[in-house]
file work13.cif (mmCIF, C-alpha atoms)
data_run
#
loop_
_atom_site.group_PDB
_atom_site.id
_atom_site.type_symbol
_atom_site.label_atom_id
_atom_site.label_comp_id
_atom_site.auth_asym_id
_atom_site.auth_seq_id
_atom_site.Cartn_x
_atom_site.Cartn_y
_atom_site.Cartn_z
ATOM 1 C CA MET S 1 2.978 -20.257 -21.168
ATOM 2 C CA THR S 2 4.964 -17.242 -19.915
ATOM 3 C CA ARG S 3 5.137 -16.204 -16.293
ATOM 4 C CA ALA S 4 3.147 -13.086 -17.105
ATOM 5 C CA ALA S 5 0.334 -15.209 -18.570
ATOM 6 C CA ARG S 6 -0.182 -16.871 -15.208
ATOM 7 C CA TYR S 7 -1.261 -13.631 -13.583
ATOM 8 C CA ALA S 8 -4.870 -13.411 -12.461
ATOM 9 C CA LYS S 9 -7.085 -10.374 -13.001
ATOM 10 C CA ILE S 10 -10.163 -10.894 -10.862
ATOM 11 C CA GLU S 11 -13.051 -8.777 -9.643
ATOM 12 C CA ARG S 12 -15.044 -11.696 -8.268
ATOM 13 C CA PRO S 13 -14.686 -14.279 -5.463
ATOM 14 C CA ARG S 14 -12.433 -17.192 -6.242
ATOM 15 C CA ALA S 15 -11.381 -20.195 -4.163
ATOM 16 C CA ARG S 16 -7.724 -21.181 -4.309
ATOM 17 C CA LYS S 17 -6.671 -24.788 -4.754
ATOM 18 C CA ASP S 18 -4.561 -24.576 -1.588
ATOM 19 C CA GLY S 19 -7.548 -23.545 0.498
ATOM 20 C CA ALA S 20 -6.839 -19.822 0.853
ATOM 21 C CA ASP S 21 -9.806 -17.733 -0.189
ATOM 22 C CA VAL S 22 -9.023 -14.740 -2.403
ATOM 23 C CA ARG S 23 -12.095 -12.619 -2.954
ATOM 24 C CA THR S 24 -13.394 -9.107 -3.308
ATOM 25 C CA ARG S 25 -15.965 -7.633 -0.964
ATOM 26 C CA PRO S 26 -19.408 -9.066 -1.773
ATOM 27 C CA ARG S 27 -21.365 -5.787 -1.892
ATOM 28 C CA PRO S 28 -20.303 -3.289 -4.569
ATOM 29 C CA ALA S 29 -19.557 0.273 -3.529
ATOM 30 C CA ARG S 30 -22.384 2.749 -4.009
ATOM 31 C CA GLY S 31 -22.756 6.513 -4.315
ATOM 32 C CA GLU S 32 -19.683 8.430 -3.218
ATOM 33 C CA GLY S 33 -17.680 5.236 -2.721
ATOM 34 C CA LYS S 34 -18.374 3.972 -6.225
ATOM 35 C CA ALA S 35 -17.447 7.331 -7.772
ATOM 36 C CA ASN S 36 -14.259 7.468 -5.705
ATOM 37 C CA LEU S 37 -13.171 4.022 -6.897
ATOM 38 C CA ALA S 38 -13.863 4.986 -10.503
ATOM 39 C CA ARG S 39 -11.722 8.129 -10.127
ATOM 40 C CA GLN S 40 -8.882 6.162 -8.586
ATOM 41 C CA ARG S 41 -8.961 3.575 -11.360
ATOM 42 C CA ARG S 42 -8.867 6.250 -14.095
ATOM 43 C CA PHE S 43 -6.097 8.168 -12.324
ATOM 44 C CA TRP S 44 -3.770 5.183 -11.948
ATOM 45 C CA THR S 45 -4.490 3.832 -15.395
ATOM 46 C CA ARG S 46 -3.331 7.174 -16.845
ATOM 47 C CA ARG S 47 -0.287 7.310 -14.567
ATOM 48 C CA ALA S 48 0.823 3.681 -14.732
ATOM 49 C CA ALA S 49 3.780 4.106 -17.093
ATOM 50 C CA ALA S 50 4.996 7.307 -15.393
ATOM 51 C CA TRP S 51 4.782 5.685 -11.952
ATOM 52 C CA ASP S 52 6.656 2.597 -13.139
ATOM 53 C CA HIS S 53 9.514 4.792 -14.368
ATOM 54 C CA GLY S 54 9.500 7.346 -11.556
ATOM 55 C CA ALA S 55 9.194 4.939 -8.636
ATOM 56 C CA GLY S 56 12.213 3.013 -9.836
ATOM 57 C CA THR S 57 14.400 6.127 -9.953
ATOM 58 C CA SER S 58 13.292 7.901 -6.752
ATOM 59 C CA PRO S 59 15.880 7.556 -3.939
ATOM 60 C CA GLY S 60 13.228 8.403 -1.332
ATOM 61 C CA LEU S 61 10.838 5.689 -2.476
ATOM 62 C CA ARG S 62 13.660 3.163 -2.566
ATOM 63 C CA GLN S 63 14.521 4.004 1.050
ATOM 64 C CA VAL S 64 10.911 3.455 2.074
ATOM 65 C CA VAL S 65 10.816 0.087 0.285
ATOM 66 C CA GLU S 66 14.011 -0.968 2.064
ATOM 67 C CA ARG S 67 12.584 0.007 5.449
ATOM 68 C CA VAL S 68 9.294 -1.802 4.799
ATOM 69 C CA LEU S 69 11.250 -4.947 3.935
ATOM 70 C CA ALA S 70 13.417 -4.620 7.046
ATOM 71 C CA GLU S 71 10.408 -4.190 9.330
ATOM 72 C CA ALA S 72 8.514 -7.014 7.594
ATOM 73 C CA ALA S 73 11.287 -9.502 8.415
ATOM 74 C CA PRO S 74 10.107 -11.942 5.697
ATOM 75 C CA SER S 75 10.935 -15.637 5.806
ATOM 76 C CA SER S 76 10.910 -18.294 3.107
ATOM 77 C CA ASP S 77 7.713 -19.911 4.456
ATOM 78 C CA ASP S 78 5.703 -16.681 4.565
ATOM 79 C CA GLU S 79 2.660 -16.001 2.428
ATOM 80 C CA ALA S 80 2.368 -12.269 1.840
ATOM 81 C CA VAL S 81 -0.017 -9.645 0.461
ATOM 82 C CA ASP S 82 1.019 -6.327 -1.099
ATOM 83 C CA LEU S 83 -1.853 -3.807 -1.064
ATOM 84 C CA GLY S 84 -1.680 -1.165 -3.782
ATOM 85 C CA CYS S 85 1.222 -2.954 -5.451
ATOM 86 C CA GLY S 86 1.552 -0.645 -8.454
ATOM 87 C CA SER S 87 4.001 -2.067 -10.961
ATOM 88 C CA GLY S 88 5.811 -4.131 -8.351
ATOM 89 C CA GLN S 89 8.421 -1.958 -6.622
ATOM 90 C CA LEU S 90 7.795 -3.716 -3.306
ATOM 91 C CA ALA S 91 6.174 -7.001 -4.389
ATOM 92 C CA LEU S 92 9.072 -7.973 -6.669
ATOM 93 C CA ARG S 93 11.635 -7.233 -3.956
ATOM 94 C CA LEU S 94 9.614 -9.279 -1.484
ATOM 95 C CA ALA S 95 8.881 -12.261 -3.737
ATOM 96 C CA PRO S 96 12.325 -13.971 -3.592
ATOM 97 C CA LEU S 97 12.194 -13.812 0.219
ATOM 98 C CA VAL S 98 8.810 -15.545 0.739
ATOM 99 C CA ARG S 99 6.765 -18.472 -0.527
ATOM 100 C CA ARG S 100 4.171 -16.374 -2.352
ATOM 101 C CA VAL S 101 2.984 -12.787 -2.788
ATOM 102 C CA ILE S 102 -0.585 -11.777 -3.638
ATOM 103 C CA ALA S 103 -0.231 -8.336 -5.225
ATOM 104 C CA VAL S 104 -3.377 -6.184 -5.392
ATOM 105 C CA ASP S 105 -3.962 -2.983 -7.347
ATOM 106 C CA ILE S 106 -7.017 -1.126 -8.623
ATOM 107 C CA SER S 107 -5.510 -0.556 -12.091
ATOM 108 C CA GLU S 108 -5.233 -3.325 -14.680
ATOM 109 C CA ALA S 109 -2.587 -1.199 -16.413
ATOM 110 C CA MET S 110 -0.469 -1.441 -13.253
ATOM 111 C CA ILE S 111 -1.089 -5.186 -13.097
ATOM 112 C CA ASP S 112 0.075 -5.533 -16.712
ATOM 113 C CA LEU S 113 3.279 -3.658 -15.871
ATOM 114 C CA LEU S 114 3.782 -5.800 -12.778
ATOM 115 C CA ALA S 115 3.440 -8.948 -14.862
ATOM 116 C CA ALA S 116 5.950 -7.666 -17.412
ATOM 117 C CA ASN S 117 8.405 -6.638 -14.690
ATOM 118 C CA ALA S 118 8.045 -10.020 -12.973
ATOM 119 C CA ASP S 119 8.675 -11.809 -16.250
ATOM 120 C CA ALA S 120 11.795 -9.706 -16.867
ATOM 121 C CA ALA S 121 13.061 -10.493 -13.360
ATOM 122 C CA SER S 122 12.210 -14.243 -13.623
ATOM 123 C CA VAL S 123 9.854 -13.989 -10.644
ATOM 124 C CA ASP S 124 7.069 -16.588 -10.750
ATOM 125 C CA ASN S 125 5.586 -16.635 -7.231
ATOM 126 C CA VAL S 126 3.522 -13.431 -7.469
ATOM 127 C CA GLU S 127 -0.226 -13.617 -8.080
ATOM 128 C CA ALA S 128 -1.552 -10.268 -9.250
ATOM 129 C CA VAL S 129 -5.140 -9.259 -8.571
ATOM 130 C CA ALA S 130 -6.867 -6.299 -10.252
ATOM 131 C CA SER S 131 -9.234 -5.051 -7.561
ATOM 132 C CA PRO S 132 -9.817 -1.948 -5.439
ATOM 133 C CA ILE S 133 -8.039 -2.655 -2.174
ATOM 134 C CA GLU S 134 -11.123 -1.362 -0.349
ATOM 135 C CA ARG S 135 -13.023 -4.404 -1.710
ATOM 136 C CA PHE S 136 -10.279 -7.010 -1.547
ATOM 137 C CA ASP S 137 -10.602 -9.670 1.136
ATOM 138 C CA LEU S 138 -8.985 -12.904 2.344
ATOM 139 C CA GLY S 139 -9.992 -15.657 4.692
ATOM 140 C CA PRO S 140 -9.119 -15.341 8.396
ATOM 141 C CA SER S 141 -5.589 -16.361 9.435
ATOM 142 C CA SER S 142 -4.563 -17.063 5.840
ATOM 143 C CA VAL S 143 -1.301 -15.091 5.435
ATOM 144 C CA ASP S 144 1.789 -14.218 7.459
ATOM 145 C CA LEU S 145 2.571 -10.767 6.151
ATOM 146 C CA VAL S 146 0.622 -7.781 4.790
ATOM 147 C CA VAL S 147 2.585 -4.869 3.346
ATOM 148 C CA SER S 148 1.788 -1.655 1.507
ATOM 149 C CA ASN S 149 3.963 1.095 0.077
ATOM 150 C CA TYR S 150 2.830 4.617 -0.881
ATOM 151 C CA ALA S 151 -0.755 3.554 -1.587
ATOM 152 C CA LEU S 152 -2.984 3.934 1.450
ATOM 153 C CA HIS S 153 -2.809 7.742 1.645
ATOM 154 C CA HIS S 154 -5.141 7.725 -1.369
ATOM 155 C CA LEU S 155 -7.886 6.051 0.688
ATOM 156 C CA ARG S 156 -10.552 7.960 2.572
ATOM 157 C CA ASP S 157 -9.786 7.972 6.296
ATOM 158 C CA ARG S 158 -12.603 5.591 7.210
ATOM 159 C CA ASP S 159 -11.410 3.206 4.474
ATOM 160 C CA LYS S 160 -7.888 3.252 5.915
ATOM 161 C CA ALA S 161 -9.231 2.061 9.266
ATOM 162 C CA ARG S 162 -11.530 -0.528 7.706
ATOM 163 C CA LEU S 163 -8.758 -1.977 5.559
ATOM 164 C CA VAL S 164 -6.334 -2.249 8.467
ATOM 165 C CA ALA S 165 -8.991 -3.915 10.638
ATOM 166 C CA ARG S 166 -9.717 -6.385 7.842
ATOM 167 C CA ALA S 167 -6.021 -7.039 7.171
ATOM 168 C CA ALA S 168 -5.503 -7.817 10.860
ATOM 169 C CA THR S 169 -7.991 -10.680 10.542
ATOM 170 C CA TRP S 170 -6.077 -12.132 7.574
ATOM 171 C CA LEU S 171 -2.894 -12.500 9.629
ATOM 172 C CA ARG S 172 -1.943 -15.691 11.382
ATOM 173 C CA PRO S 173 -0.712 -15.320 14.978
ATOM 174 C CA GLY S 174 2.674 -13.643 14.851
ATOM 175 C CA GLY S 175 1.943 -12.201 11.405
ATOM 176 C CA ARG S 176 3.021 -8.636 10.588
ATOM 177 C CA LEU S 177 1.342 -5.633 8.985
ATOM 178 C CA VAL S 178 3.833 -3.075 7.637
ATOM 179 C CA ILE S 179 2.809 0.178 5.915
ATOM 180 C CA GLY S 180 5.164 2.641 4.249
ATOM 181 C CA ASP S 181 3.572 5.905 3.156
ATOM 182 C CA MET S 182 3.541 9.674 3.329
ATOM 183 C CA MET S 183 2.457 10.402 6.880
ATOM 184 C CA PHE S 184 1.792 13.981 7.942
ATOM 185 C CA GLY S 185 -1.152 16.146 8.868
ATOM 186 C CA ARG S 186 -2.146 19.757 8.228
ATOM 187 C CA GLY S 187 0.423 21.484 10.389
ATOM 188 C CA ALA S 188 -0.783 20.598 13.867
ATOM 189 C CA ASP S 189 2.688 19.609 15.089
ATOM 190 C CA ARG S 190 6.284 20.544 14.383
ATOM 191 C CA ARG S 191 6.990 17.612 12.063
ATOM 192 C CA ASP S 192 3.918 18.406 9.955
ATOM 193 C CA ARG S 193 5.006 22.010 9.565
ATOM 194 C CA GLU S 194 8.557 21.004 8.651
ATOM 195 C CA VAL S 195 7.318 18.548 6.021
ATOM 196 C CA ILE S 196 4.935 21.070 4.456
ATOM 197 C CA ALA S 197 7.565 23.845 4.449
ATOM 198 C CA SER S 198 10.116 21.540 2.844
ATOM 199 C CA LYS S 199 7.748 20.469 0.065
ATOM 200 C CA VAL S 200 6.735 24.094 -0.655
ATOM 201 C CA ALA S 201 10.391 25.220 -0.746
ATOM 202 C CA VAL S 202 11.361 22.511 -3.244
ATOM 203 C CA LEU S 203 8.508 23.421 -5.598
ATOM 204 C CA ALA S 204 9.006 27.165 -5.218
ATOM 205 C CA ARG S 205 12.583 26.877 -6.492
ATOM 206 C CA ARG S 206 11.239 25.523 -9.789
ATOM 207 C CA GLY S 207 9.742 28.849 -10.803
ATOM 208 C CA PRO S 208 6.261 29.360 -12.313
ATOM 209 C CA GLY S 209 5.747 25.657 -12.912
ATOM 210 C CA GLY S 210 6.510 24.953 -9.270
ATOM 211 C CA TRP S 211 4.222 27.760 -8.098
ATOM 212 C CA TRP S 212 1.402 26.166 -10.085
ATOM 213 C CA ARG S 213 2.132 22.834 -8.453
ATOM 214 C CA ILE S 214 2.000 24.468 -5.011
ATOM 215 C CA ALA S 215 -1.440 25.915 -5.754
ATOM 216 C CA LYS S 216 -2.728 22.677 -7.254
ATOM 217 C CA ASN S 217 -1.360 20.486 -4.478
ATOM 218 C CA ALA S 218 -2.638 22.843 -1.778
ATOM 219 C CA SER S 219 -6.181 22.746 -3.118
ATOM 220 C CA ARG S 220 -6.041 18.975 -3.554
ATOM 221 C CA TYR S 221 -4.626 18.517 -0.066
ATOM 222 C CA LEU S 222 -7.013 20.885 1.683
ATOM 223 C CA LEU S 223 -10.034 19.417 -0.097
ATOM 224 C CA ARG S 224 -8.629 15.844 0.212
ATOM 225 C CA LEU S 225 -9.554 15.036 -3.377
ATOM 226 C CA GLN S 226 -6.708 12.706 -4.313
ATOM 227 C CA GLU S 227 -4.100 12.506 -1.566
ATOM 228 C CA ARG S 228 -5.347 12.088 1.998
ATOM 229 C CA PRO S 229 -2.316 11.559 4.249
ATOM 230 C CA VAL S 230 -2.730 11.417 8.011
ATOM 231 C CA PRO S 231 -0.096 11.902 10.732
ATOM 232 C CA ILE S 232 2.094 9.114 12.052
ATOM 233 C CA GLY S 233 0.169 9.073 15.328
ATOM 234 C CA ALA S 234 -3.101 8.475 13.500
ATOM 235 C CA TRP S 235 -1.634 5.390 11.833
ATOM 236 C CA VAL S 236 -0.380 4.086 15.177
ATOM 237 C CA ASP S 237 -3.893 4.486 16.604
ATOM 238 C CA ILE S 238 -5.447 2.703 13.594
ATOM 239 C CA LEU S 239 -3.168 -0.313 14.012
ATOM 240 C CA ARG S 240 -3.770 -0.484 17.755
ATOM 241 C CA ARG S 241 -7.546 -0.259 17.341
ATOM 242 C CA ALA S 242 -7.294 -3.189 14.915
ATOM 243 C CA GLY S 243 -5.883 -5.276 17.774
ATOM 244 C CA LEU S 244 -2.255 -5.381 16.644
ATOM 245 C CA ALA S 245 0.565 -5.542 19.187
ATOM 246 C CA ASP S 246 4.085 -4.081 19.307
ATOM 247 C CA VAL S 247 2.937 -1.152 17.160
ATOM 248 C CA ARG S 248 5.665 1.323 16.309
ATOM 249 C CA ALA S 249 6.397 4.047 13.779
ATOM 250 C CA ILE S 250 9.696 4.845 12.078
ATOM 251 C CA PRO S 251 10.242 8.126 10.184
ATOM 252 C CA VAL S 252 12.242 7.378 7.022
ATOM 253 C CA VAL S 253 12.748 10.356 4.725
ATOM 254 C CA SER S 254 10.998 13.723 4.273
ATOM 255 C CA GLU S 255 7.243 13.065 4.646
ATOM 256 C CA ALA S 256 7.580 9.277 4.548
ATOM 257 C CA ALA S 257 7.380 6.899 7.490
ATOM 258 C CA VAL S 258 6.746 3.223 8.196
ATOM 259 C CA VAL S 259 4.354 1.788 10.774
ATOM 260 C CA ARG S 260 4.248 -1.853 11.778
ATOM 261 C CA GLY S 261 2.248 -4.103 14.066
ATOM 262 C CA THR S 262 2.075 -7.785 14.907
ATOM 263 C CA LYS S 263 -0.892 -10.121 15.319
ATOM 264 C CA PRO S 264 -0.956 -11.314 18.944
ATOM 265 C CA GLY S 265 -0.447 -15.023 19.382
ATOM 266 C CA PRO S 266 2.187 -17.647 20.113
ATOM 267 C CA LYS S 267 4.953 -15.641 18.397
ATOM 268 C CA THR S 268 4.316 -12.361 20.214
ATOM 269 C CA GLN S 269 2.976 -10.846 23.404
ATOM 270 C CA GLU S 270 0.551 -7.954 23.727
ATOM 271 C CA VAL S 271 2.169 -4.728 24.966
#
call {"tool": "encode", "arguments": {"input": "work13.cif", "output": "structure tokens"}}
result
Amino acid sequence: MTRAARYAKIERPRARKDGADVRTRPRPARGEGKANLARQRRFWTRRAAAWDHGAGTSPGLRQVVERVLAEAAPSSDDEAVDLGCGSGQLALRLAPLVRRVIAVDISEAMIDLLAANADAASVDNVEAVASPIERFDLGPSSVDLVVSNYALHHLRDRDKARLVARAATWLRPGGRLVIGDMMFGRGADRRDREVIASKVAVLARRGPGGWWRIAKNASRYLLRLQERPVPIGAWVDILRRAGLADVRAIPVVSEAAVVRGTKPGPKTQEV
């Protein structure tokens, strides 16, 4: 049996032999939520191969991954979860540093690429789960670390808050939640305006193709159809409302930033 063959693709509750409970949310999404999940699955299935190639060659994304790992401060005894794992850019860097990684993504095509990449890298402590992260769940106090990289800006705002609140319950005392993502709003503050102007300038220099991208991205952004980033301050508020302590945000590159928080308990103090 190859390492890749040991990867799990589940859309149903399943009890682990070691007692941790890996499961999806019991009630399926309906109406708008169900349609949104279907769109996301189709989108990432189509883009899986391009993302696998592009994410590995993007200096900006690599810097975000490095900062997420630094803020996560993983240890060899940690059990970790990577939400929106894609083809493994973060999960496979994290795996050698921890006991186990549960890697979750909505697209089975991404999970297949993750399994192949793990096999190529001789990584065998990653369990991959094909599930919408909005429906994924774990038992209380079952992991030490929850991370995510460039995934959560695709969620609706209320789903961002719900996922963070749920992830906070998964953490053991002293556990960390670390999110790397594009984090900017619609121009309400100076940083937002600088980020937007920079992105427009880069595309404009590409000529007609870039102008088309500006128009397409503007409509998508204004209507919040695919990408739904929120400002750094909004993420800080979400983590604090979830009951996490020592919450801080670190700008990384261009529109990207990292936010982190810690589960209060013996290893930390509320601030």
call {"tool": "resolve_selection", "arguments": {"input": "work13.cif", "expression": "the PyMOL selection byres ((chain S and resi 177) around 9)", "output": "mmCIF file with C-alpha atoms, in the frame of the given file"}}
result
data_model
loop_
_atom_site.group_PDB
_atom_site.id
_atom_site.type_symbol
_atom_site.label_atom_id
_atom_site.label_comp_id
_atom_site.auth_asym_id
_atom_site.auth_seq_id
_atom_site.Cartn_x
_atom_site.Cartn_y
_atom_site.Cartn_z
ATOM 1 C CA ALA S 72 8.514 -7.014 7.594
ATOM 2 C CA ASP S 144 1.789 -14.218 7.459
ATOM 3 C CA LEU S 145 2.571 -10.767 6.151
ATOM 4 C CA VAL S 146 0.622 -7.781 4.790
ATOM 5 C CA VAL S 147 2.585 -4.869 3.346
ATOM 6 C CA SER S 148 1.788 -1.655 1.507
ATOM 7 C CA VAL S 164 -6.334 -2.249 8.467
ATOM 8 C CA ALA S 167 -6.021 -7.039 7.171
ATOM 9 C CA ALA S 168 -5.503 -7.817 10.860
ATOM 10 C CA LEU S 171 -2.894 -12.500 9.629
ATOM 11 C CA GLY S 175 1.943 -12.201 11.405
ATOM 12 C CA ARG S 176 3.021 -8.636 10.588
ATOM 13 C CA VAL S 178 3.833 -3.075 7.637
ATOM 14 C CA ILE S 179 2.809 0.178 5.915
ATOM 15 C CA LEU S 239 -3.168 -0.313 14.012
ATOM 16 C CA LEU S 244 -2.255 -5.381 16.644
ATOM 17 C CA VAL S 259 4.354 1.788 10.774
ATOM 18 C CA ARG S 260 4.248 -1.853 11.778
ATOM 19 C CA GLY S 261 2.248 -4.103 14.066
ATOM 20 C CA THR S 262 2.075 -7.785 14.907
ATOM 21 C CA LYS S 263 -0.892 -10.121 15.319
#
call {"tool": "atom_distance", "arguments": {"input": "work13.cif", "atom1": "atom CA of S:Val104", "atom2": "atom CA of S:Glu127"}}
result
8.5 Å
call {"tool": "closest_residue", "arguments": {"input": "work13.cif", "among": "S:Asp112, S:Glu255, S:Glu134, S:Asp78", "to": "S:Ala95", "atoms": "all atoms listed in the file"}}
result
S:Asp78
call {"tool": "atom_distance", "arguments": {"input": "work13.cif", "atom1": "atom CA of S:Leu92", "atom2": "atom CA of S:Gly265"}}
result
28.6 Å
call {"tool": "atom_distance", "arguments": {"input": "work13.cif", "atom1": "atom CA of S:Ala130", "atom2": "atom CA of S:Glu79"}}
result
18.6 Å
call {"tool": "closest_residue", "arguments": {"input": "work13.cif", "among": "S:Arg241, S:Arg172, S:Arg41, S:Arg62", "to": "S:Ser131", "atoms": "all atoms listed in the file"}}
result
S:Arg41
call {"tool": "residues_around", "arguments": {"input": "work13.cif", "residues": "S:Tyr150", "least_positions_apart": "4", "cutoff": "8 Å", "atoms": "all atoms listed in the file", "output": "PyMOL selection string"}}
result
chain S and resi 84+180-182
call {"tool": "resolve_selection", "arguments": {"input": "work13.cif", "expression": "the PyMOL selection byres ((chain S and resi 250) around 10)", "output": "list in words"}}
result
Arg67, Val68, Glu71, Gly180, Ile232, Arg248, Ala249, Pro251, Val252, Val253, Ala256, Ala257, Val258, Val259 and Arg260 of chain S
call {"tool": "closest_residue", "arguments": {"input": "work13.cif", "among": "S:Ala50, S:Asp119, S:Thr169, S:Asn125", "to": "S:Gly139", "atoms": "all atoms listed in the file"}}
result
S:Thr169
call {"tool": "closest_residue", "arguments": {"input": "work13.cif", "among": "S:Ala70, S:Ala151, S:Leu90, S:Val64", "to": "S:Asn117", "atoms": "only C-alpha atoms"}}
result
S:Leu90
call {"tool": "resolve_selection", "arguments": {"input": "work13.cif", "expression": "the PyMOL selection byres ((chain S and resi 233) around 10)", "output": "list of chain:residue names"}}
result
S:Met183, S:Phe184, S:Gly185, S:Val230, S:Pro231, S:Ile232, S:Ala234, S:Trp235, S:Val236, S:Asp237, S:Ile238, S:Arg248, S:Ala249, S:Val259
call {"tool": "closest_residue", "arguments": {"input": "work13.cif", "among": "S:Val129, S:Leu113, S:Leu97, S:Leu152", "to": "S:Pro229", "atoms": "all atoms listed in the file"}}
result
S:Leu152
call {"tool": "residues_near_point", "arguments": {"input": "work13.cif", "point": "(-8.6, -11.5, 2.5)", "cutoff": "6 Å", "atoms": "all atoms listed in the file", "output": "JSON, numbers by chain"}}
result
{"S": [22, 137, 138, 139, 170]}
